[in-house]
Amino acid sequence: MKTIITFFSFVLYKVSVSQVQFIQYYADINLAQHYFIYEQYHKADSCFKMAFSLDSVRGFNQDYLLAAANELKLRDTALAKTYLYACAIRGGKYKTFKNSNTFGADGVFNFIMFKQNKALRKKLNRTFKQYKKSLNKKVCRKIHRLYVRDQTSRVGPVNILPSKMQDNIIERRDRKNIKALLLICKQYGWPGYNLIGERKPNGKYSIRDADLMIRHYEMDKLKELEPFIMKEIKKVNEYPYVWASAMDYCFIKTPLYMDSVKFEFKQKYGTLYSFGSMFSRDTTIANKNMIIPFGKMEELIKARNELFLEPIDDFCKIRKAALPKEEIGTMYRKHKKR
């Protein structure tokens, strides 16, 4: 009896440690990213080391890429190579770094392409090929089919059809897709990077595959998916940004208020941005990227913290966007000429 109690105590301890560690991972990575943005590379180095030392967390390849960029700033090429190897183990393909939006990725690509780093390139290629073998090919194929169906209902030849017909096609395919996606989630869990790979060739905030599809769903369907996605976010198998941006897309599609003059919108997490002229008549921001208005700042900060997202100021810096002057976005109706 004592042995059984000891065993379950150990299991509960490991579970509790794991739950704490994923929170610590996101906190350390967000702080490391903050220090890198503001060129405090030694402080960033310490944060990266703490994040990657957690024994129950397997970090994102884009975080290892940023860590490698940080080490190159510190001229520690040995540790940079170690981080690049870890990045490849998690699906980082060095040939995509050149066009990545991750800070410092272009410098990392140039470093890898140095003549003296031929052996490193071969090792990264071998590691990446080995990583691809570890993915669930069946789930990969299913998600790819759903992704293609999602995209072909919105782009390409379908655009020449009357708008009502296009809407019917989109609605019909979305219904099929959400049903199929929920079935996949029930069988395998949310298709995070542990199943289909961390496909982020354009950087941490790029969207594709299932990440993109969920942006098209209404709130009731997102609520059905939420438990599956949050489970993988807590396992560091999916980016918090993916869920936040899907929710924000849904909020922006649904006006808070409408009248004969205007529509009013707001988002929850502050992940989406556009030209200022789209949501404001302020001419000083008309041609600048601006975070789409989000309601009260304290609500935004609370929501981002609860989803393990970086501070909004850092996000603005990364996305080269400004915070809005208005708390709620307004779009004005165009008056018809008589």
# chains A, B, ... in the order shown; residues from 1 in each chain; ligands from 1

$ closest_atom_pairs --of "stretch 96-170 of chain A" --to "stretch 59-82 of chain A" --cutoff "9 Å" --atoms "only C-alpha atoms" --output "CSV"
residue,atom,partner,partner_atom,distance
A:Phe97,CA,A:Leu65,CA,8.6
A:Thr102,CA,A:Leu66,CA,6.8
A:Phe103,CA,A:Leu66,CA,6.6
A:Gly104,CA,A:Ala69,CA,5.2
A:Ala105,CA,A:Ala69,CA,6.5
A:Asp106,CA,A:Ala69,CA,8.9
A:Gly107,CA,A:Ala69,CA,7.0
A:Val108,CA,A:Ala69,CA,5.8
A:Phe111,CA,A:Leu72,CA,8.5
A:Ile112,CA,A:Lys81,CA,8.9
A:Leu120,CA,A:Lys81,CA,7.7

$ write_last_selection --atoms "all heavy atoms" --output "compact mmCIF listing (two decimals), in the first residue's frame"
# COMPACT_ATOMS: atom_id res chain seq x y z
N PHE A 97 15.66 29.99 -43.44
CA PHE A 97 15.98 31.07 -42.50
C PHE A 97 16.19 32.41 -43.21
O PHE A 97 15.92 33.47 -42.63
CB PHE A 97 17.24 30.73 -41.71
CG PHE A 97 17.11 29.55 -40.80
CD1 PHE A 97 18.23 29.00 -40.19
CD2 PHE A 97 15.87 28.97 -40.54
CE1 PHE A 97 18.12 27.91 -39.35
CE2 PHE A 97 15.75 27.87 -39.71
CZ PHE A 97 16.88 27.33 -39.11
N THR A 102 11.83 35.96 -38.26
CA THR A 102 12.43 35.88 -36.94
C THR A 102 13.63 36.81 -36.86
O THR A 102 14.47 36.82 -37.76
CB THR A 102 12.87 34.43 -36.64
OG1 THR A 102 11.72 33.58 -36.68
CG2 THR A 102 13.52 34.32 -35.27
N PHE A 103 13.73 37.56 -35.78
CA PHE A 103 14.85 38.48 -35.61
C PHE A 103 16.17 37.73 -35.75
O PHE A 103 16.37 36.68 -35.14
CB PHE A 103 14.80 39.13 -34.22
CG PHE A 103 13.99 40.38 -34.16
CD1 PHE A 103 12.68 40.35 -33.71
CD2 PHE A 103 14.52 41.59 -34.56
CE1 PHE A 103 11.91 41.51 -33.66
CE2 PHE A 103 13.77 42.75 -34.51
CZ PHE A 103 12.47 42.72 -34.06
N GLY A 104 17.07 38.27 -36.57
CA GLY A 104 18.41 37.71 -36.69
C GLY A 104 18.53 36.48 -37.56
O GLY A 104 19.62 35.93 -37.72
N ALA A 105 17.40 36.02 -38.14
CA ALA A 105 17.43 34.77 -38.92
C ALA A 105 18.31 34.90 -40.16
O ALA A 105 18.98 33.94 -40.56
CB ALA A 105 16.02 34.36 -39.32
N ASP A 106 18.32 36.08 -40.79
CA ASP A 106 19.15 36.26 -41.98
C ASP A 106 20.63 36.15 -41.63
O ASP A 106 21.42 35.57 -42.38
CB ASP A 106 18.87 37.62 -42.65
CG ASP A 106 18.94 38.78 -41.68
OD1 ASP A 106 18.96 38.56 -40.45
OD2 ASP A 106 18.98 39.94 -42.15
N GLY A 107 21.02 36.67 -40.47
CA GLY A 107 22.40 36.55 -40.01
C GLY A 107 22.77 35.11 -39.73
O GLY A 107 23.90 34.67 -40.03
N VAL A 108 21.83 34.33 -39.18
CA VAL A 108 22.07 32.92 -38.93
C VAL A 108 22.26 32.18 -40.25
O VAL A 108 23.17 31.35 -40.39
CB VAL A 108 20.89 32.29 -38.15
CG1 VAL A 108 21.06 30.78 -38.04
CG2 VAL A 108 20.78 32.91 -36.76
N PHE A 111 25.66 32.84 -41.63
CA PHE A 111 26.65 32.09 -40.86
C PHE A 111 26.71 30.64 -41.31
O PHE A 111 27.78 30.07 -41.52
CB PHE A 111 26.31 32.18 -39.37
CG PHE A 111 27.09 31.25 -38.49
CD1 PHE A 111 28.43 31.49 -38.22
CD2 PHE A 111 26.48 30.11 -37.95
CE1 PHE A 111 29.16 30.62 -37.41
CE2 PHE A 111 27.20 29.24 -37.15
CZ PHE A 111 28.54 29.49 -36.88
N ILE A 112 25.54 30.02 -41.46
CA ILE A 112 25.48 28.61 -41.88
C ILE A 112 26.11 28.42 -43.25
O ILE A 112 26.74 27.39 -43.53
CB ILE A 112 24.03 28.12 -41.88
CG1 ILE A 112 23.47 28.09 -40.45
CG2 ILE A 112 23.90 26.73 -42.50
CD1 ILE A 112 21.98 27.81 -40.37
N LEU A 120 28.54 21.56 -40.85
CA LEU A 120 27.33 21.94 -40.11
C LEU A 120 26.10 21.80 -41.00
O LEU A 120 25.06 21.28 -40.56
CB LEU A 120 27.46 23.38 -39.61
CG LEU A 120 26.21 23.99 -38.97
CD1 LEU A 120 25.84 23.25 -37.70
CD2 LEU A 120 26.43 25.48 -38.67

$ residues_around --residues "A:Tyr332" --least-positions-apart "5" --cutoff "8 Å" --atoms "only C-alpha atoms" --output "PyMOL selection string"
chain A and resi 261-263

$ write_last_selection --atoms "N, CA and C atoms" --output "tab-separated table (two decimals), in the first residue's frame"
chain	number	residue	atom	x	y	z
A	261	VAL	N	-24.28	54.69	-39.89
A	261	VAL	CA	-23.05	55.45	-40.20
A	261	VAL	C	-21.79	54.61	-40.07
A	262	LYS	N	-21.74	53.73	-39.05
A	262	LYS	CA	-20.47	53.06	-38.77
A	262	LYS	C	-20.66	51.65	-38.20
A	263	PHE	N	-19.52	50.89	-38.22
A	263	PHE	CA	-19.38	49.60	-37.54
A	263	PHE	C	-18.31	49.80	-36.47

$ closest_residue --among "A:Asp55, A:Glu218, A:Glu232, A:Asp313" --to "A:Cys185" --atoms "only C-alpha atoms"
A:Glu232

$ residues_around --residues "stretch 234-238 of chain A" --least-positions-apart "2" --cutoff "7 Å" --atoms "only C-alpha atoms" --output "ChimeraX atom specification"
/A:22,57-59,192-194,230-232,240

$ closest_residue --among "A:Lys288, A:Asn202, A:Leu212, A:Ile328" --to "A:Phe251" --atoms "only C-alpha atoms"
A:Ile328

$ closest_residue --among "A:Tyr205, A:Tyr269, A:Tyr249, A:Tyr239" --to "A:Asn305" --atoms "only C-alpha atoms"
A:Tyr269

$ select_by_dssp --residues "stretch 118-262 of chain A" --states "helix (DSSP H, G or I)" --output "ChimeraX atom specification"
/A:118-133,137-152,156-160,163-188,193-196,209-216,219-234,240-253

$ atom_distance --atom1 "atom CA of A:Met213" --atom2 "atom CA of A:Ala246"
8.8 Å

$ atom_distance --atom1 "atom CA of A:Trp243" --atom2 "atom CA of A:Leu222"
9.1 Å

$ select_by_dssp --residues "stretch 196-299 of chain A" --states "strand (DSSP E)" --output "VMD selection string"
chain A and resid 257 to 258 262 to 265 273 to 275 289 to 291

$ residues_around --residues "A:Tyr26" --least-positions-apart "5" --cutoff "8 Å" --atoms "only C-alpha atoms" --output "count of residues only"
3

$ closest_residue --among "A:Lys93, A:Lys302, A:Lys98, A:Lys253" --to "A:Arg126" --atoms "only C-alpha atoms"
A:Lys93

$ closest_residue --among "A:Ser163, A:Ser100, A:Gln267, A:Ser245" --to "A:Gly203" --atoms "only C-alpha atoms"
A:Ser100

$ decode --residues "stretch 130-145 of chain A" --atoms "all heavy atoms" --output "mmCIF file, in the first residue's frame"
data_model
loop_
_atom_site.group_PDB
_atom_site.id
_atom_site.type_symbol
_atom_site.label_atom_id
_atom_site.label_comp_id
_atom_site.auth_asym_id
_atom_site.auth_seq_id
_atom_site.Cartn_x
_atom_site.Cartn_y
_atom_site.Cartn_z
ATOM 1 N N GLN A 130 15.755 13.225 -40.650
ATOM 2 C CA GLN A 130 15.393 12.283 -39.600
ATOM 3 C C GLN A 130 14.141 12.745 -38.866
ATOM 4 O O GLN A 130 13.255 11.949 -38.534
ATOM 5 C CB GLN A 130 16.557 12.138 -38.609
ATOM 6 C CG GLN A 130 16.451 10.919 -37.699
ATOM 7 C CD GLN A 130 16.514 9.601 -38.466
ATOM 8 O OE1 GLN A 130 17.194 9.487 -39.475
ATOM 9 N NE2 GLN A 130 15.771 8.608 -37.990
ATOM 10 N N TYR A 131 14.058 14.043 -38.624
ATOM 11 C CA TYR A 131 12.892 14.624 -37.955
ATOM 12 C C TYR A 131 11.617 14.364 -38.759
ATOM 13 O O TYR A 131 10.569 14.008 -38.193
ATOM 14 C CB TYR A 131 13.111 16.130 -37.770
ATOM 15 C CG TYR A 131 11.851 16.958 -37.759
ATOM 16 C CD1 TYR A 131 11.087 17.093 -36.604
ATOM 17 C CD2 TYR A 131 11.408 17.592 -38.919
ATOM 18 C CE1 TYR A 131 9.922 17.839 -36.603
ATOM 19 C CE2 TYR A 131 10.250 18.343 -38.922
ATOM 20 C CZ TYR A 131 9.505 18.458 -37.772
ATOM 21 O OH TYR A 131 8.351 19.198 -37.782
ATOM 22 N N LYS A 132 11.679 14.520 -40.071
ATOM 23 C CA LYS A 132 10.492 14.334 -40.912
ATOM 24 C C LYS A 132 9.946 12.916 -40.802
ATOM 25 O O LYS A 132 8.739 12.696 -40.914
ATOM 26 C CB LYS A 132 10.829 14.671 -42.369
ATOM 27 C CG LYS A 132 11.028 16.163 -42.623
ATOM 28 C CD LYS A 132 11.249 16.466 -44.089
ATOM 29 C CE LYS A 132 9.991 16.284 -44.900
ATOM 30 N NZ LYS A 132 10.172 16.669 -46.306
ATOM 31 N N LYS A 133 10.827 11.953 -40.549
ATOM 32 C CA LYS A 133 10.398 10.569 -40.414
ATOM 33 C C LYS A 133 9.586 10.355 -39.137
ATOM 34 O O LYS A 133 8.831 9.387 -39.029
ATOM 35 C CB LYS A 133 11.602 9.632 -40.413
ATOM 36 C CG LYS A 133 12.356 9.588 -41.732
ATOM 37 C CD LYS A 133 13.559 8.670 -41.630
ATOM 38 C CE LYS A 133 14.363 8.656 -42.936
ATOM 39 N NZ LYS A 133 15.574 7.802 -42.831
ATOM 40 N N SER A 134 9.761 11.244 -38.165
ATOM 41 C CA SER A 134 9.084 11.080 -36.875
ATOM 42 C C SER A 134 7.643 11.589 -36.886
ATOM 43 O O SER A 134 6.890 11.346 -35.947
ATOM 44 C CB SER A 134 9.865 11.833 -35.780
ATOM 45 O OG SER A 134 9.742 13.240 -35.958
ATOM 46 N N LEU A 135 7.255 12.302 -37.947
ATOM 47 C CA LEU A 135 5.918 12.892 -37.996
ATOM 48 C C LEU A 135 4.868 11.840 -38.337
ATOM 49 O O LEU A 135 5.170 10.798 -38.922
ATOM 50 C CB LEU A 135 5.884 14.017 -39.033
ATOM 51 C CG LEU A 135 6.872 15.172 -38.810
ATOM 52 C CD1 LEU A 135 6.749 16.193 -39.926
ATOM 53 C CD2 LEU A 135 6.653 15.826 -37.450
ATOM 54 N N ASN A 136 3.635 12.143 -37.977
ATOM 55 C CA ASN A 136 2.523 11.243 -38.277
ATOM 56 C C ASN A 136 2.068 11.519 -39.715
ATOM 57 O O ASN A 136 1.315 12.465 -39.969
ATOM 58 C CB ASN A 136 1.378 11.478 -37.286
ATOM 59 C CG ASN A 136 0.276 10.443 -37.414
ATOM 60 O OD1 ASN A 136 -0.138 10.100 -38.507
ATOM 61 N ND2 ASN A 136 -0.193 9.943 -36.276
ATOM 62 N N LYS A 137 2.520 10.692 -40.633
ATOM 63 C CA LYS A 137 2.255 10.927 -42.064
ATOM 64 C C LYS A 137 0.762 10.934 -42.383
ATOM 65 O O LYS A 137 0.298 11.707 -43.220
ATOM 66 C CB LYS A 137 2.956 9.850 -42.909
ATOM 67 C CG LYS A 137 4.457 9.737 -42.691
ATOM 68 C CD LYS A 137 5.180 10.982 -43.140
ATOM 69 C CE LYS A 137 6.693 10.784 -43.170
ATOM 70 N NZ LYS A 137 7.265 10.426 -41.857
ATOM 71 N N LYS A 138 0.028 10.080 -41.698
ATOM 72 C CA LYS A 138 -1.412 9.986 -41.943
ATOM 73 C C LYS A 138 -2.104 11.298 -41.578
ATOM 74 O O LYS A 138 -2.918 11.820 -42.353
ATOM 75 C CB LYS A 138 -2.000 8.837 -41.126
ATOM 76 C CG LYS A 138 -3.471 8.566 -41.404
ATOM 77 C CD LYS A 138 -3.948 7.351 -40.619
ATOM 78 C CE LYS A 138 -5.419 7.064 -40.904
ATOM 79 N NZ LYS A 138 -5.887 5.862 -40.151
ATOM 80 N N VAL A 139 -1.760 11.854 -40.420
ATOM 81 C CA VAL A 139 -2.364 13.121 -39.996
ATOM 82 C C VAL A 139 -1.888 14.257 -40.892
ATOM 83 O O VAL A 139 -2.668 15.145 -41.250
ATOM 84 C CB VAL A 139 -2.036 13.419 -38.516
ATOM 85 C CG1 VAL A 139 -2.599 14.773 -38.103
ATOM 86 C CG2 VAL A 139 -2.595 12.332 -37.616
ATOM 87 N N CYS A 140 -0.612 14.211 -41.284
ATOM 88 C CA CYS A 140 -0.074 15.244 -42.192
ATOM 89 C C CYS A 140 -0.881 15.302 -43.480
ATOM 90 O O CYS A 140 -1.239 16.387 -43.958
ATOM 91 C CB CYS A 140 1.391 14.955 -42.515
ATOM 92 S SG CYS A 140 2.547 15.283 -41.173
ATOM 93 N N ARG A 141 -1.172 14.132 -44.063
ATOM 94 C CA ARG A 141 -1.932 14.078 -45.322
ATOM 95 C C ARG A 141 -3.352 14.603 -45.118
ATOM 96 O O ARG A 141 -3.880 15.340 -45.961
ATOM 97 C CB ARG A 141 -1.951 12.646 -45.871
ATOM 98 C CG ARG A 141 -0.618 12.176 -46.447
ATOM 99 C CD ARG A 141 -0.798 10.886 -47.241
ATOM 100 N NE ARG A 141 -1.223 9.785 -46.397
ATOM 101 C CZ ARG A 141 -0.384 8.949 -45.779
ATOM 102 N NH1 ARG A 141 0.931 9.112 -45.905
ATOM 103 N NH2 ARG A 141 -0.843 7.963 -45.039
ATOM 104 N N LYS A 142 -3.963 14.214 -44.015
ATOM 105 C CA LYS A 142 -5.343 14.651 -43.746
ATOM 106 C C LYS A 142 -5.412 16.171 -43.598
ATOM 107 O O LYS A 142 -6.292 16.817 -44.180
ATOM 108 C CB LYS A 142 -5.858 13.983 -42.475
ATOM 109 C CG LYS A 142 -6.214 12.512 -42.630
ATOM 110 C CD LYS A 142 -6.801 11.958 -41.342
ATOM 111 C CE LYS A 142 -7.241 10.506 -41.531
ATOM 112 N NZ LYS A 142 -7.865 9.962 -40.298
ATOM 113 N N ILE A 143 -4.486 16.734 -42.841
ATOM 114 C CA ILE A 143 -4.477 18.188 -42.626
ATOM 115 C C ILE A 143 -4.183 18.914 -43.931
ATOM 116 O O ILE A 143 -4.794 19.961 -44.225
ATOM 117 C CB ILE A 143 -3.451 18.578 -41.553
ATOM 118 C CG1 ILE A 143 -3.885 18.034 -40.188
ATOM 119 C CG2 ILE A 143 -3.265 20.088 -41.488
ATOM 120 C CD1 ILE A 143 -5.201 18.598 -39.681
ATOM 121 N N HIS A 144 -3.293 18.365 -44.736
ATOM 122 C CA HIS A 144 -2.975 19.013 -46.017
ATOM 123 C C HIS A 144 -4.194 19.047 -46.926
ATOM 124 O O HIS A 144 -4.459 20.066 -47.581
ATOM 125 C CB HIS A 144 -1.825 18.279 -46.711
ATOM 126 C CG HIS A 144 -1.429 18.905 -48.010
ATOM 127 N ND1 HIS A 144 -0.833 20.145 -48.092
ATOM 128 C CD2 HIS A 144 -1.586 18.480 -49.301
ATOM 129 C CE1 HIS A 144 -0.617 20.451 -49.352
ATOM 130 N NE2 HIS A 144 -1.064 19.468 -50.101
ATOM 131 N N ARG A 145 -4.965 17.958 -46.951
ATOM 132 C CA ARG A 145 -6.179 17.918 -47.782
ATOM 133 C C ARG A 145 -7.192 18.964 -47.308
ATOM 134 O O ARG A 145 -7.826 19.646 -48.121
ATOM 135 C CB ARG A 145 -6.799 16.515 -47.764
ATOM 136 C CG ARG A 145 -6.078 15.504 -48.632
ATOM 137 C CD ARG A 145 -6.942 14.283 -48.908
ATOM 138 N NE ARG A 145 -7.202 13.525 -47.698
ATOM 139 C CZ ARG A 145 -6.460 12.521 -47.258
ATOM 140 N NH1 ARG A 145 -5.372 12.165 -47.938
ATOM 141 N NH2 ARG A 145 -6.782 11.864 -46.154
#
